[in-house]
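Next comes final.tsv, with TSV, C-alpha atoms and all ligand atoms.
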```tsv
chain	number	residue	atom	x	y	z
N	233	MET	CA	51.86	17.68	-117.60
N	234	GLN	CA	54.45	20.37	-118.05
N	235	GLN	CA	56.75	20.46	-121.10
N	236	LYS	CA	60.16	20.24	-119.39
N	237	ARG	CA	61.60	17.78	-116.90
N	238	LYS	CA	61.73	18.77	-113.26
N	239	SER	CA	64.45	17.82	-110.81
N	240	LYS	CA	63.76	14.95	-108.47
N	241	ASP	CA	64.14	17.28	-105.49
N	242	GLU	CA	61.53	19.62	-106.85
N	243	VAL	CA	59.07	16.79	-107.41
N	244	PHE	CA	59.71	15.25	-104.02
N	245	ASN	CA	59.32	18.59	-102.29
N	246	ASP	CA	55.86	18.74	-103.76
N	247	LEU	CA	55.20	15.15	-102.74
N	248	ARG	CA	56.10	15.96	-99.16
N	249	LYS	CA	53.67	18.89	-99.21
N	250	TYR	CA	50.85	16.59	-100.20
N	251	HIS	CA	51.90	13.89	-97.76
N	252	SER	CA	52.03	16.34	-94.87
N	253	GLN	CA	48.31	16.99	-95.37
N	254	ASP	CA	47.49	13.32	-94.81
N	255	MET	CA	46.61	12.06	-91.37
N	256	SER	CA	49.17	9.67	-89.92
N	257	TYR	CA	48.49	6.57	-87.85
N	258	SER	CA	51.37	7.52	-85.57
N	259	SER	CA	49.44	10.61	-84.41
N	260	GLY	CA	47.13	8.18	-82.60
N	261	LYS	CA	44.19	10.32	-83.70
N	262	ILE	CA	42.75	8.00	-86.33
N	263	LEU	CA	40.00	6.31	-84.33
N	264	GLY	CA	37.59	5.49	-87.13
N	265	SER	CA	39.58	3.28	-89.48
N	266	MET	CA	39.90	-0.47	-89.78
N	267	CYS	CA	43.31	-0.05	-91.33
N	268	THR	CA	46.47	0.64	-89.42
N	269	HIS	CA	50.13	1.32	-89.85
N	270	PRO	CA	51.46	-1.74	-91.70
N	271	ASP	CA	54.08	-3.76	-89.88
N	272	PRO	CA	57.61	-2.68	-91.01
N	273	ILE	CA	58.57	-6.30	-91.74
N	274	GLY	CA	55.59	-6.57	-94.07
N	275	ILE	CA	56.57	-3.32	-95.78
N	276	GLU	CA	60.07	-4.66	-96.35
N	277	ALA	CA	58.71	-7.81	-97.97
N	278	TYR	CA	56.22	-5.74	-99.96
N	279	ASN	CA	59.00	-3.57	-101.39
N	280	MET	CA	61.05	-6.63	-102.28
N	281	PHE	CA	58.22	-7.99	-104.46
N	282	LEU	CA	57.00	-4.71	-105.96
N	283	ASP	CA	57.78	-5.79	-109.51
N	284	THR	CA	55.96	-9.12	-109.37
N	285	ASN	CA	52.75	-9.74	-111.29
N	286	LEU	CA	50.52	-12.59	-110.15
N	287	GLY	CA	48.34	-11.98	-113.17
N	288	ASP	CA	51.02	-13.85	-115.11
N	289	PRO	CA	52.06	-16.45	-112.53
N	290	GLY	CA	54.28	-18.53	-114.84
N	291	LEU	CA	56.77	-15.66	-114.83
N	292	PHE	CA	56.67	-15.41	-111.06
N	293	LYS	CA	56.69	-19.02	-109.93
N	294	GLY	CA	58.07	-18.29	-106.47
N	295	THR	CA	55.52	-15.59	-105.71
N	296	SER	CA	52.79	-17.81	-107.06
N	297	MET	CA	53.89	-20.63	-104.74
N	298	MET	CA	53.76	-18.16	-101.87
N	299	GLU	CA	50.18	-17.24	-102.73
N	300	GLU	CA	49.21	-20.91	-102.60
N	301	GLU	CA	50.96	-21.31	-99.26
N	302	VAL	CA	49.30	-18.22	-97.81
N	303	ILE	CA	45.88	-19.43	-98.89
N	304	LYS	CA	46.52	-22.87	-97.38
N	305	SER	CA	47.70	-21.37	-94.09
N	306	ILE	CA	44.81	-18.96	-93.81
N	307	GLY	CA	42.56	-21.92	-94.69
N	308	ASN	CA	44.11	-23.93	-91.84
N	309	LEU	CA	43.53	-21.04	-89.47
N	310	LEU	CA	39.88	-21.22	-90.56
N	311	HIS	CA	39.67	-25.02	-90.06
N	312	LEU	CA	39.93	-25.96	-93.72
N	313	ASP	CA	42.40	-28.38	-95.29
N	314	ASP	CA	43.50	-27.64	-98.80
N	315	ALA	CA	41.81	-24.25	-99.19
N	316	SER	CA	41.32	-22.47	-102.52
N	317	GLY	CA	41.32	-18.72	-102.95
N	318	HIS	CA	43.39	-15.64	-103.61
N	319	ILE	CA	45.06	-12.68	-102.02
N	320	VAL	CA	43.07	-9.81	-103.50
N	321	THR	CA	42.75	-6.05	-103.10
N	322	GLY	CA	40.48	-6.10	-100.08
N	323	GLY	CA	37.21	-7.16	-98.56
N	324	THR	CA	35.20	-5.59	-101.37
N	325	GLU	CA	36.84	-7.65	-104.09
N	326	ALA	CA	36.68	-10.78	-101.92
N	327	ASN	CA	32.95	-10.29	-101.39
N	328	ILE	CA	32.40	-9.68	-105.11
N	329	MET	CA	34.17	-12.95	-105.93
N	330	ALA	CA	32.18	-14.96	-103.39
N	331	ILE	CA	28.79	-13.62	-104.44
N	332	THR	CA	29.65	-14.04	-108.12
N	333	VAL	CA	30.46	-17.70	-107.50
N	334	ALA	CA	27.17	-18.10	-105.64
N	335	LYS	CA	25.32	-16.51	-108.55
N	336	TYR	CA	26.94	-18.83	-111.10
N	337	LEU	CA	26.07	-21.85	-108.95
N	338	TYR	CA	22.49	-20.61	-108.71
N	339	GLN	CA	22.26	-20.10	-112.48
N	340	GLU	CA	23.37	-23.69	-113.06
N	341	LYS	CA	20.16	-24.80	-111.39
N	342	ASP	CA	18.13	-23.27	-114.22
N	343	ASN	CA	16.05	-21.15	-111.89
N	344	GLU	CA	13.77	-18.67	-113.59
N	345	GLY	CA	13.50	-15.95	-110.99
N	346	LYS	CA	15.80	-13.08	-110.17
N	347	PRO	CA	18.43	-14.36	-107.72
N	348	GLU	CA	17.83	-13.32	-104.13
N	349	LEU	CA	20.59	-12.62	-101.64
N	350	ILE	CA	19.64	-12.81	-97.97
N	351	LEU	CA	21.74	-10.44	-95.90
N	352	PRO	CA	21.52	-8.23	-92.83
N	353	LYS	CA	21.42	-4.41	-92.89
N	354	THR	CA	24.63	-4.57	-90.85
N	355	SER	CA	26.52	-5.86	-93.88
N	356	HIS	CA	29.28	-3.75	-95.38
N	357	PHE	CA	28.35	-1.32	-98.20
N	358	SER	CA	30.36	-3.44	-100.63
N	359	PHE	CA	27.24	-5.62	-100.81
N	360	ASN	CA	25.30	-2.64	-102.16
N	361	LYS	CA	27.80	-2.46	-105.00
N	362	ILE	CA	27.49	-6.20	-105.57
N	363	ILE	CA	23.70	-6.14	-105.58
N	364	ARG	CA	23.78	-3.46	-108.26
N	365	MET	CA	26.60	-4.90	-110.35
N	366	LEU	CA	25.25	-8.44	-110.35
N	367	ASP	CA	21.59	-7.44	-110.61
N	368	ILE	CA	20.53	-9.33	-107.51
N	369	LYS	CA	17.47	-8.84	-105.35
N	370	PRO	CA	18.46	-8.09	-101.75
N	371	VAL	CA	16.33	-9.67	-99.05
N	372	TYR	CA	17.11	-8.10	-95.69
N	373	VAL	CA	16.86	-10.44	-92.75
N	374	PRO	CA	15.60	-8.69	-89.59
N	375	LEU	CA	18.01	-8.01	-86.76
N	376	THR	CA	17.66	-8.82	-83.08
N	377	SER	CA	17.72	-6.00	-80.55
N	378	GLU	CA	21.45	-6.74	-80.35
N	379	TYR	CA	22.05	-5.87	-84.00
N	380	LYS	CA	22.61	-9.45	-85.12
N	381	ILE	CA	20.82	-11.58	-87.69
N	382	ASP	CA	17.56	-12.80	-86.16
N	383	THR	CA	18.01	-16.49	-86.95
N	384	SER	CA	14.36	-17.23	-86.10
N	385	LYS	CA	13.35	-15.15	-89.15
N	386	LEU	CA	15.88	-16.60	-91.56
N	387	GLU	CA	14.25	-19.82	-92.68
N	388	ASP	CA	11.06	-18.05	-93.78
N	389	LEU	CA	13.02	-15.93	-96.24
N	390	ILE	CA	14.51	-18.88	-98.12
N	391	ASN	CA	12.79	-19.84	-101.37
N	392	GLU	CA	13.74	-21.36	-104.72
N	393	ASN	CA	15.28	-18.05	-105.83
N	394	THR	CA	17.62	-17.78	-102.86
N	395	MET	CA	21.15	-17.74	-104.25
N	396	ALA	CA	23.07	-17.17	-101.01
N	397	ILE	CA	23.05	-15.98	-97.42
N	398	VAL	CA	25.60	-13.52	-96.04
N	399	ALA	CA	26.56	-13.52	-92.37
N	400	ILE	CA	29.11	-11.27	-90.69
N	401	ALA	CA	31.92	-12.15	-88.30
N	402	GLY	CA	32.77	-8.65	-87.12
N	403	THR	CA	30.35	-6.07	-88.48
N	404	THR	CA	31.94	-2.92	-89.82
N	405	GLU	CA	29.90	-0.60	-87.63
N	406	LEU	CA	29.85	-2.49	-84.31
N	407	GLY	CA	32.29	-5.39	-84.65
N	408	LEU	CA	29.57	-7.90	-83.78
N	409	ILE	CA	29.55	-11.55	-84.77
N	410	ASP	CA	26.36	-13.16	-86.08
N	411	ASP	CA	25.18	-16.51	-84.75
N	412	ILE	CA	26.97	-18.32	-87.55
N	413	PRO	CA	26.58	-21.90	-86.18
N	414	LYS	CA	22.78	-21.48	-86.35
N	415	ILE	CA	22.90	-19.77	-89.74
N	416	SER	CA	25.21	-22.49	-91.07
N	417	ASP	CA	22.78	-25.23	-90.02
N	418	ILE	CA	19.91	-23.45	-91.77
N	419	ALA	CA	21.95	-22.83	-94.93
N	420	TYR	CA	23.19	-26.43	-94.98
N	421	SER	CA	19.78	-27.98	-94.52
N	422	HIS	CA	18.40	-25.92	-97.41
N	423	GLY	CA	21.45	-26.40	-99.64
N	424	VAL	CA	22.00	-22.63	-99.80
N	425	TYR	CA	25.44	-21.07	-100.28
N	426	LEU	CA	26.64	-19.26	-97.13
N	427	HIS	CA	29.28	-16.55	-97.36
N	428	VAL	CA	30.84	-15.29	-94.12
N	429	ASP	CA	32.31	-11.80	-94.23
N	430	ALA	CA	35.14	-11.89	-91.69
N	431	ALA	CA	37.14	-9.05	-93.27
N	432	LEU	CA	37.81	-7.66	-89.80
N	433	GLY	CA	37.16	-10.62	-87.50
N	434	GLY	CA	39.07	-13.23	-89.48
N	435	PHE	CA	42.43	-12.16	-88.12
N	436	MET	CA	41.08	-11.83	-84.56
N	437	ILE	CA	38.51	-14.49	-83.65
N	438	PRO	CA	40.73	-17.59	-84.22
N	439	PHE	CA	43.37	-16.14	-81.89
N	440	MET	CA	40.86	-14.96	-79.29
N	441	ASN	CA	39.43	-18.50	-79.26
N	442	ILE	CA	42.68	-20.03	-78.05
N	443	GLY	CA	42.21	-21.57	-74.61
N	444	LYS	CA	38.55	-20.56	-74.47
N	445	GLU	CA	36.00	-23.00	-73.13
N	446	ASN	CA	33.30	-21.71	-75.47
N	447	PRO	CA	35.08	-20.63	-78.64
N	448	THR	CA	33.24	-18.43	-81.14
N	449	ARG	CA	32.53	-20.70	-84.10
N	450	PHE	CA	32.31	-18.91	-87.42
N	451	ASP	CA	34.51	-20.65	-89.96
N	452	PHE	CA	34.77	-23.80	-92.11
N	453	GLU	CA	34.40	-26.11	-89.10
N	454	LEU	CA	30.71	-25.29	-89.62
N	455	ARG	CA	29.64	-27.43	-92.54
N	456	GLY	CA	27.33	-24.82	-94.09
N	457	VAL	CA	30.04	-22.20	-94.63
N	458	SER	CA	31.00	-22.02	-98.32
N	459	SER	CA	33.42	-19.07	-98.41
N	460	ILE	CA	35.05	-16.53	-96.11
N	461	THR	CA	36.40	-13.02	-96.64
N	462	ILE	CA	39.40	-12.30	-94.41
N	463	ASP	CA	41.58	-9.21	-94.85
N	464	PRO	CA	45.30	-9.17	-94.11
N	465	HIS	CA	45.26	-5.35	-94.45
N	466	LYS	CA	43.02	-4.96	-91.41
N	467	MET	CA	44.06	-6.91	-88.29
N	468	GLY	CA	46.67	-8.88	-90.29
N	469	LEU	CA	48.82	-5.71	-90.33
N	470	ALA	CA	49.72	-6.11	-94.01
N	471	PRO	CA	50.06	-3.10	-96.34
N	472	ILE	CA	47.11	-2.07	-98.52
N	473	PRO	CA	45.96	-3.71	-100.82
N	474	SER	CA	45.78	-7.08	-99.08
N	475	GLY	CA	42.44	-8.83	-98.93
N	476	GLY	CA	41.70	-12.53	-98.79
N	477	ILE	CA	39.02	-14.83	-100.18
N	478	ILE	CA	38.90	-18.49	-99.18
N	479	PHE	CA	36.57	-21.04	-100.76
N	480	ARG	CA	35.67	-24.38	-99.21
N	481	LYS	CA	35.96	-26.17	-102.57
N	482	LYS	CA	38.30	-25.71	-105.48
N	483	GLU	CA	35.35	-26.06	-107.84
N	484	TYR	CA	33.81	-22.90	-106.34
N	485	LEU	CA	36.87	-20.81	-107.17
N	486	GLU	CA	37.03	-22.42	-110.60
N	487	LYS	CA	33.58	-21.09	-111.45
N	488	LEU	CA	35.41	-17.78	-111.94
N	489	ALA	CA	37.95	-19.18	-114.42
N	490	ILE	CA	38.41	-17.29	-117.67
N	491	LYS	CA	40.73	-18.47	-120.45
N	492	THR	CA	43.85	-16.33	-120.75
N	493	PRO	CA	45.51	-16.59	-124.15
N	494	TYR	CA	49.14	-15.35	-124.45
N	495	LEU	CA	49.81	-15.57	-120.68
N	496	THR	CA	51.83	-18.28	-118.94
N	497	LYS	CA	48.81	-19.95	-117.36
N	498	ASP	CA	45.70	-21.16	-119.16
N	499	ASN	CA	43.15	-19.41	-117.03
N	500	GLN	CA	42.61	-16.81	-114.37
N	501	THR	CA	40.25	-16.95	-111.41
N	502	THR	CA	40.59	-13.37	-110.21
N	503	ILE	CA	38.65	-10.25	-111.14
N	504	VAL	CA	41.81	-8.18	-111.45
N	505	GLY	CA	44.22	-9.11	-114.23
N	506	THR	CA	47.66	-7.65	-113.64
N	507	ARG	CA	48.03	-7.72	-109.87
N	508	THR	CA	50.82	-7.25	-107.45
N	509	GLY	CA	52.56	-10.16	-105.74
N	510	ALA	CA	53.77	-7.73	-103.08
N	511	SER	CA	50.60	-8.13	-100.99
N	512	THR	CA	51.07	-11.89	-101.03
N	513	ALA	CA	54.74	-11.57	-100.07
N	514	ALA	CA	53.90	-9.23	-97.19
N	515	THR	CA	51.13	-11.50	-95.93
N	516	TRP	CA	53.31	-14.60	-96.24
N	517	THR	CA	56.05	-12.84	-94.29
N	518	LEU	CA	53.79	-11.67	-91.50
N	519	LEU	CA	52.15	-15.09	-91.06
N	520	ASN	CA	55.59	-16.65	-90.71
N	521	TYR	CA	57.07	-13.86	-88.62
N	522	TYR	CA	54.25	-13.56	-86.09
N	523	GLY	CA	52.77	-17.03	-86.05
N	524	ILE	CA	49.74	-17.77	-83.93
N	525	GLU	CA	51.50	-16.55	-80.82
N	526	GLY	CA	52.30	-13.13	-82.31
N	527	TYR	CA	48.82	-12.55	-83.71
N	528	LYS	CA	47.26	-13.61	-80.43
N	529	GLN	CA	49.33	-10.96	-78.67
N	530	ILE	CA	48.28	-8.27	-81.16
N	531	GLY	CA	44.63	-9.29	-80.73
N	532	ASP	CA	44.88	-9.41	-76.93
N	533	ASN	CA	46.34	-5.90	-76.89
N	534	VAL	CA	43.56	-4.32	-78.93
N	535	ILE	CA	40.89	-6.20	-76.98
N	536	SER	CA	42.26	-5.06	-73.65
N	537	LEU	CA	42.42	-1.45	-74.87
N	538	THR	CA	38.83	-1.82	-76.10
N	539	ASP	CA	37.72	-3.12	-72.67
N	540	TYR	CA	39.53	-0.25	-70.99
N	541	THR	CA	37.90	2.33	-73.27
N	542	TYR	CA	34.49	0.72	-72.80
N	543	LYS	CA	34.76	0.91	-69.00
N	544	GLN	CA	35.96	4.52	-69.12
N	545	LEU	CA	33.05	5.49	-71.37
N	546	LEU	CA	30.59	3.72	-69.05
N	547	ASP	CA	31.74	6.08	-66.30
N	548	ILE	CA	30.82	9.21	-68.25
N	549	PRO	CA	27.20	9.90	-67.23
N	550	CYS	CA	25.93	11.52	-70.45
N	551	ILE	CA	27.43	8.84	-72.73
N	552	LYS	CA	25.26	5.95	-73.82
N	553	LEU	CA	27.07	2.94	-75.26
N	554	ILE	CA	25.29	1.09	-78.03
N	555	HIS	CA	26.60	-2.42	-77.34
N	556	LYS	CA	29.04	-4.48	-75.36
N	557	PRO	CA	32.03	-4.94	-77.67
N	558	GLU	CA	32.87	-8.38	-79.06
N	559	LEU	CA	35.85	-7.22	-81.11
N	560	ASN	CA	37.68	-3.87	-81.17
N	561	VAL	CA	34.80	-1.60	-82.20
N	562	LEU	CA	32.79	0.67	-79.87
N	563	ALA	CA	29.83	2.91	-80.60
N	564	PHE	CA	28.12	5.51	-78.46
N	565	ILE	CA	25.80	8.49	-78.42
N	566	THR	CA	25.28	11.25	-75.89
N	567	ASP	CA	22.12	12.85	-74.58
N	568	VAL	CA	23.62	16.37	-74.68
N	569	MET	CA	23.98	16.75	-78.44
N	570	ASP	CA	23.33	14.96	-81.70
N	571	VAL	CA	25.82	12.62	-83.33
N	572	GLU	CA	26.90	15.09	-86.04
N	573	SER	CA	27.65	17.89	-83.56
N	574	LEU	CA	29.64	15.55	-81.36
N	575	HIS	CA	31.55	14.29	-84.38
N	576	ASP	CA	32.36	17.84	-85.53
N	577	LYS	CA	33.44	18.95	-82.07
N	578	LEU	CA	35.76	15.95	-81.72
N	579	LEU	CA	37.16	16.70	-85.15
N	580	GLY	CA	37.90	20.20	-83.86
N	581	TYR	CA	40.29	18.53	-81.42
N	582	GLY	CA	41.80	16.50	-84.27
N	583	TRP	CA	40.01	13.21	-83.52
N	584	GLU	CA	38.96	11.26	-86.60
N	585	VAL	CA	36.07	9.21	-85.28
N	586	SER	CA	33.43	7.97	-87.68
N	587	ILE	CA	29.67	7.99	-87.72
N	588	GLY	CA	27.78	4.73	-87.94
N	589	GLU	CA	24.51	4.68	-89.81
N	590	ASN	CA	22.85	1.61	-88.39
N	591	PRO	CA	22.58	2.51	-85.53
N	592	HIS	CA	23.32	6.21	-85.87
N	593	ALA	CA	26.22	6.70	-83.46
N	594	ILE	CA	29.84	7.71	-83.02
N	595	ARG	CA	32.00	4.73	-83.86
N	596	ILE	CA	35.59	4.12	-82.84
N	597	VAL	CA	37.88	1.28	-83.84
N	598	LEU	CA	40.80	0.41	-81.59
N	599	MET	CA	43.43	-0.65	-84.11
N	600	PRO	CA	47.02	-1.42	-83.10
N	601	HIS	CA	48.23	2.14	-83.81
N	602	VAL	CA	45.96	3.44	-81.02
N	603	LYS	CA	47.67	3.50	-77.64
N	604	ARG	CA	46.35	3.85	-74.12
N	605	GLU	CA	47.69	7.42	-73.85
N	606	ASN	CA	45.80	8.35	-77.04
N	607	ILE	CA	42.59	7.05	-75.48
N	608	ASP	CA	43.24	8.95	-72.26
N	609	ALA	CA	43.75	12.15	-74.25
N	610	PHE	CA	40.62	11.40	-76.27
N	611	LEU	CA	38.56	10.90	-73.11
N	612	VAL	CA	39.72	14.24	-71.72
N	613	ASP	CA	38.63	16.00	-74.93
N	614	LEU	CA	35.38	14.06	-75.04
N	615	LYS	CA	34.50	15.14	-71.50
N	616	THR	CA	35.35	18.76	-72.36
N	617	VAL	CA	33.12	18.63	-75.42
O	701	LIG	C1	36.36	-3.44	-94.31
O	701	LIG	C2	35.28	-4.38	-94.60
O	701	LIG	C3	34.96	-4.72	-95.91
O	701	LIG	C4	35.57	-4.02	-97.10
O	701	LIG	O1	36.91	-4.24	-97.21
O	701	LIG	P1	37.82	-3.29	-98.13
O	701	LIG	O2	39.15	-3.85	-97.86
O	701	LIG	O3	37.61	-1.89	-97.64
O	701	LIG	O4	37.38	-3.47	-99.53
O	701	LIG	C5	33.99	-5.68	-96.11
O	701	LIG	N1	33.37	-6.26	-95.08
O	701	LIG	C6	33.63	-5.96	-93.81
O	701	LIG	C7	32.91	-6.65	-92.71
O	701	LIG	C8	34.60	-5.00	-93.52
O	701	LIG	O5	34.84	-4.69	-92.24
```
Can you present the structure in this file as structure tokens?
Amino acid sequence: MQQKRKSKDEVFNDLRKYHSQDMSYSSGKILGSMCTHPDPIGIEAYNMFLDTNLGDPGLFKGTSMMEEEVIKSIGNLLHLDDASGHIVTGGTEANIMAITVAKYLYQEKDNEGKPELILPKTSHFSFNKIIRMLDIKPVYVPLTSEYKIDTSKLEDLINENTMAIVAIAGTTELGLIDDIPKISDIAYSHGVYLHVDAALGGFMIPFMNIGKENPTRFDFELRGVSSITIDPHKMGLAPIPSGGIIFRKKEYLEKLAIKTPYLTKDNQTTIVGTRTGASTAATWTLLNYYGIEGYKQIGDNVISLTDYTYKQLLDIPCIKLIHKPELNVLAFITDVMDVESLHDKLLGYGWEVSIGENPHAIRIVLMPHVKRENIDAFLVDLKTV
């Protein structure tokens, strides 16, 4: 820090220099992110509540009421009456909370062994953090040839040390949805906690299901599902940080309660202490502003762009697509060069695609900031490469 004050102009000039080096969603070139430009209405609400602290909810009664309402409405969307949970910083924190609850429940059973978490290799890397932080033994359930949990192998992995099963509704790398009805039945019949990570899919699948003869079932309507991660800052269009964790039972959330002397409420059930109410306000606003109709439209748009991109890629002879998309994620390889070279060449044209590890492939995510003309320009560059 320098000794003397600087003028605001001077400081902001520097800020602009830094900001100009960031990528912007409006360029349409960010094809590898699950985040997107937040909706302006959400930003307005966010700014309005910037000074609120949900870590001390007695001081911010209105914001605190909004958090309860948001949790109830997201719960309703996920077929649960009277949901418990929080608006948190993201999918990582939501997953940490869920698996911590599962671990506490497991410990109450006086089991001797190291707790075992059954999960697929397609799970988000946040679970690697969790496994390390909570000192859990990971048990990887095999995948089918379609990169989903092989449910025929699941039951054999359950034993008295099993603390929970994780299933994914919208995998980070391919956007695929596990066979959660089957997994739920298995978890329920063995009395095992089932956490569904729908960080991406949670704000898509319920809307895509509308009017469908065979809806994709993944949420609390399945009796084995104990908790769900669902992120407003992905397809909910809320500003970062806005994650969501929903528990089937209040007593699950309350396993996290810690006494909070000198604050306005007796205990806290979040990991974070001081935390912004702005994320809650933005999410509340967007749920009310868009409603089911609005979110369905947003989902339909990204799905139709994904279908379009998929069909265009199918027509390029040297491109091999990894899977048929279920959400707004595509992955492909080419037989003319390896994944890294293709990635670097595309980056040379300014395209920020990402590389998936499992399977090793170029991965693109069609978020709402990506438009049809961006995809057409991308396809031209891809063919040139
Ligand atoms: C994005 C994502 C996460 C992590 O969420 P953050 O908000 O980045 O912490 C977890 N799980 C899945 C399936 C995701 O797609």
Go through chain N residue by residue and, counting all atoms listed in the file, keep those with an atom at most 6 Å from ligand LIG 701 (chain O); for each kept residue give the shortest atom pair and its distance in Å to one decimal, ordered by chain and increasing number, as a tab-separated table.
```
residue	atom	partner	partner_atom	distance
N:Gly322	CA	O:LIG701	O2	3.4
N:Gly323	CA	O:LIG701	O1	3.2
N:Thr324	CA	O:LIG701	O4	3.6
N:His356	CA	O:LIG701	N1	4.8
N:Gly402	CA	O:LIG701	C7	5.9
N:Thr403	CA	O:LIG701	C7	5.0
N:Thr404	CA	O:LIG701	O5	4.2
N:Asp429	CA	O:LIG701	C7	5.4
N:Ala430	CA	O:LIG701	C7	5.8
N:Ala431	CA	O:LIG701	C6	4.7
N:Leu432	CA	O:LIG701	O5	4.9
```
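Between CA of Lys481 (chain N) and CA of Thr321 (chain N) the separation is 21.2 Å.
The two atoms in question, CA of Lys444 (chain N) and CA of Thr376 (chain N), are spaced 25.5 Å apart.
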Next item on the list: Just give me the gap between CA of Ala399 (chain N) and CA of Ala489 (chain N) in Å, one decimal is fine.
Entry: 25.5 Å
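Between Glu378 (chain N) and the residues N:Leu488, N:Ile554, N:Val320, N:Met599, the shortest atom-to-atom distance, using all atoms listed in the file, involves N:Ile554.
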Checklist line | Test item: residues at most 8 Å from region 410-413 of chain N, only C-alpha atoms, excluding those fewer than 4 positions along its chain, as a list of chain:residue names | finding: N:Lys380, N:Ile381, N:Thr383, N:Ala399, N:Ile400, N:Ala401, N:Gly402, N:Asp417, N:Arg449, N:Phe450, N:Leu454
Note to self: I'd like the contact shell of Ala513 (chain N) - 9 Å cut-off, all atoms listed in the file, skipping same-chain residues fewer than 6 positions apart - returned as a list in words.
What the structure shows: Gly274, Ala277, Tyr278, Met280, Phe281, Thr295, Met298, Glu299 and Val302 of chain N
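Contact shell of Tyr542 (chain N) at 10 Å (only C-alpha atoms; same-chain neighbours under 3 positions omitted): N:Ser536, N:Leu537, N:Thr538, N:Asp539, N:Leu545, N:Leu546, N:Asp547, N:Leu553, N:His555, N:Lys556, N:Pro557, N:Val561, N:Leu562, N:Ala563, N:Phe564.
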Next item on the list: For the point (42.4, 3.8, -87.1) in the file's frame, write as a ChimeraX atom specification all residues with an atom no more than 7 Å away, counting all atoms listed in the file.
Entry: /N:257,262-268,597-599,601
How would region 289-304 of chain N read, as a CSV table (one decimal), keeping the file's coordinate frame, once N, CA and C atoms are built in?
```
chain,number,residue,atom,x,y,z
N,289,PRO,N,51.3,-15.7,-113.6
N,289,PRO,CA,52.1,-16.4,-112.5
N,289,PRO,C,53.2,-17.3,-113.0
N,290,GLY,N,53.2,-17.7,-114.3
N,290,GLY,CA,54.3,-18.5,-114.8
N,290,GLY,C,55.6,-17.8,-114.8
N,291,LEU,N,55.5,-16.5,-114.9
N,291,LEU,CA,56.8,-15.7,-114.8
N,291,LEU,C,57.3,-15.5,-113.4
N,292,PHE,N,56.3,-15.7,-112.5
N,292,PHE,CA,56.7,-15.4,-111.1
N,292,PHE,C,56.3,-16.6,-110.2
N,293,LYS,N,57.0,-17.7,-110.5
N,293,LYS,CA,56.7,-19.0,-109.9
N,293,LYS,C,56.8,-19.0,-108.4
N,294,GLY,N,57.9,-18.3,-107.9
N,294,GLY,CA,58.1,-18.3,-106.5
N,294,GLY,C,56.9,-17.6,-105.8
N,295,THR,N,56.6,-16.4,-106.3
N,295,THR,CA,55.5,-15.6,-105.7
N,295,THR,C,54.2,-16.4,-105.8
N,296,SER,N,54.0,-17.0,-106.9
N,296,SER,CA,52.8,-17.8,-107.1
N,296,SER,C,52.7,-19.0,-106.0
N,297,MET,N,53.9,-19.6,-105.8
N,297,MET,CA,53.9,-20.6,-104.7
N,297,MET,C,53.6,-20.0,-103.4
N,298,MET,N,54.1,-18.8,-103.2
N,298,MET,CA,53.8,-18.2,-101.9
N,298,MET,C,52.3,-17.9,-101.7
N,299,GLU,N,51.6,-17.5,-102.8
N,299,GLU,CA,50.2,-17.2,-102.7
N,299,GLU,C,49.5,-18.5,-102.3
N,300,GLU,N,49.8,-19.6,-103.0
N,300,GLU,CA,49.2,-20.9,-102.6
N,300,GLU,C,49.4,-21.2,-101.1
N,301,GLU,N,50.7,-21.0,-100.7
N,301,GLU,CA,51.0,-21.3,-99.3
N,301,GLU,C,50.1,-20.4,-98.3
N,302,VAL,N,50.1,-19.1,-98.7
N,302,VAL,CA,49.3,-18.2,-97.8
N,302,VAL,C,47.8,-18.7,-97.7
N,303,ILE,N,47.3,-19.0,-98.9
N,303,ILE,CA,45.9,-19.4,-98.9
N,303,ILE,C,45.7,-20.7,-98.0
N,304,LYS,N,46.6,-21.6,-98.2
N,304,LYS,CA,46.5,-22.9,-97.4
N,304,LYS,C,46.6,-22.5,-95.9
```
